[in-house]
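Student: Got a structure for you, written out below as structure tokens; questions coming shortly.
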Amino acid sequence: MSDCIPRSRTSGGMKRLGVVENIAYDGSVLVRSETAPAVGTPVVDKRNRPIGRVARVFGPVREPFASVRPTGPASASLIGVEVFVGEGTHADKEDRRGRRSH
């Protein structure tokens, strides 16, 4: 099994963030994430077209949601689309230090 490629990795220095689950009433794109990305991280689709930036991360630790503020109007066609972030753009303990939990 050493020749298996992890699902979260792709070529070009991109890491799979997750799949778009829904579009919120305020226009935010909700992504079921595989990792906790840092707030402000740019999010792109598989063709490297910009979707938006991570505005908030919430939900369970093992599989959090990321709220992405789109760069333009979000369409329903985004639902079910895989989205990606650059390698090494995940929230570190230092990024969250000093934040309130509520």
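We name chains A, B, ... following the order of the structure tokens; residues begin at 1 in each chain, and ligands are numbered from 1 as shown.
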Identify, on the basis of only C-alpha atoms, every residue whose closest approach to segment 47-50 of chain A does not exceed 12 Å; exclude the query and any residue fewer than 5 positions from it along the same chain; express the result as a list in words.

Tutor: Thr10, Ser11, Gly12, Gly13, Met14, Lys15, Arg16, Thr41, Pro42, Val68, Arg69, Pro70, Thr71, Gly72, Ala74, Val81, Glu82, Val83, Phe84, Val85 and Gly86 of chain A

Student: Which one of A:Ala66, A:Val43, A:Ile79, A:Ala36 sits closest to Val20 of chain A if you count only C-alpha atoms?

Tutor: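 The closest residue to Val20 of chain A is A:Ile79.
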
Student: Could you tell me how far atom CA of Tyr25 of chain A sits from atom CA of Val39 of chain A, in Å to one decimal place?

Tutor: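 Interatomic distance here is 20.4 Å.
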
Student: At what distance in Å, to one decimal, does atom CA of Val61 of chain A lie from atom CA of Leu78 of chain A?

Tutor: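 Result for atom CA of Leu78 of chain A versus atom CA of Val61 of chain A: 24.2 Å, one decimal.
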
Student: Neighbouring residues of Phe65 of chain A were defined as those with any atom within 6 Å, considering only C-alpha atoms; residues of the same chain fewer than 2 positions away were excluded. Please report them as a VMD selection string.

Tutor: chain A and resid 31 to 33 57 to 59

Student: Can those selected residues be exported to a file as a CSV table (one decimal), in the first residue's frame so that it contains C-alpha atoms?

Tutor:
chain,number,residue,atom,x,y,z
A,31,VAL,CA,-17.2,23.6,2.8
A,32,ARG,CA,-17.0,20.3,4.7
A,33,SER,CA,-13.2,20.5,5.3
A,57,VAL,CA,-13.8,27.7,10.7
A,58,PHE,CA,-16.3,25.9,12.9
A,59,GLY,CA,-17.8,22.6,13.8

Student: Can you work out the spacing between atom CA of Gly18 of chain A and atom CA of Ser75 of chain A in Å, to one decimal?

Tutor: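 Atom-to-atom, atom CA of Gly18 of chain A to atom CA of Ser75 of chain A, that is 17.5 Å.
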
Student: Could you give me, as a list of chain:residue names, the residues within 12 Å of Ser77 of chain A, counting only C-alpha atoms and dropping anything in the same chain fewer than 6 positions from it?

Tutor: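 Answer for this query is A:Val20, A:Glu21, A:Asn22, A:Ile23, A:Val29.
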
Student: Contacts of Thr35 of chain A at 8 Å or less, counting only C-alpha atoms, minus same-chain residues fewer than 2 places along, as a PDB file with C-alpha atoms, in the first residue's frame?

Tutor:
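Result file around_36.pdb:
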ATOM      1  CA  LEU A  17      -9.765  21.434   1.420  1.00  0.00           C
ATOM      2  CA  SER A  33     -13.240  20.486   5.315  1.00  0.00           C
ATOM      3  CA  PRO A  37      -7.441  26.027   7.178  1.00  0.00           C
ATOM      4  CA  ARG A  62     -12.129  15.914  13.064  1.00  0.00           C
ATOM      5  CA  GLU A  63     -14.131  17.279  10.120  1.00  0.00           C
ATOM      6  CA  PRO A  64     -14.700  21.027  10.486  1.00  0.00           C
ATOM      7  CA  HIS A  90      -3.625  25.193   7.849  1.00  0.00           C
TER       8      HIS A  90
END
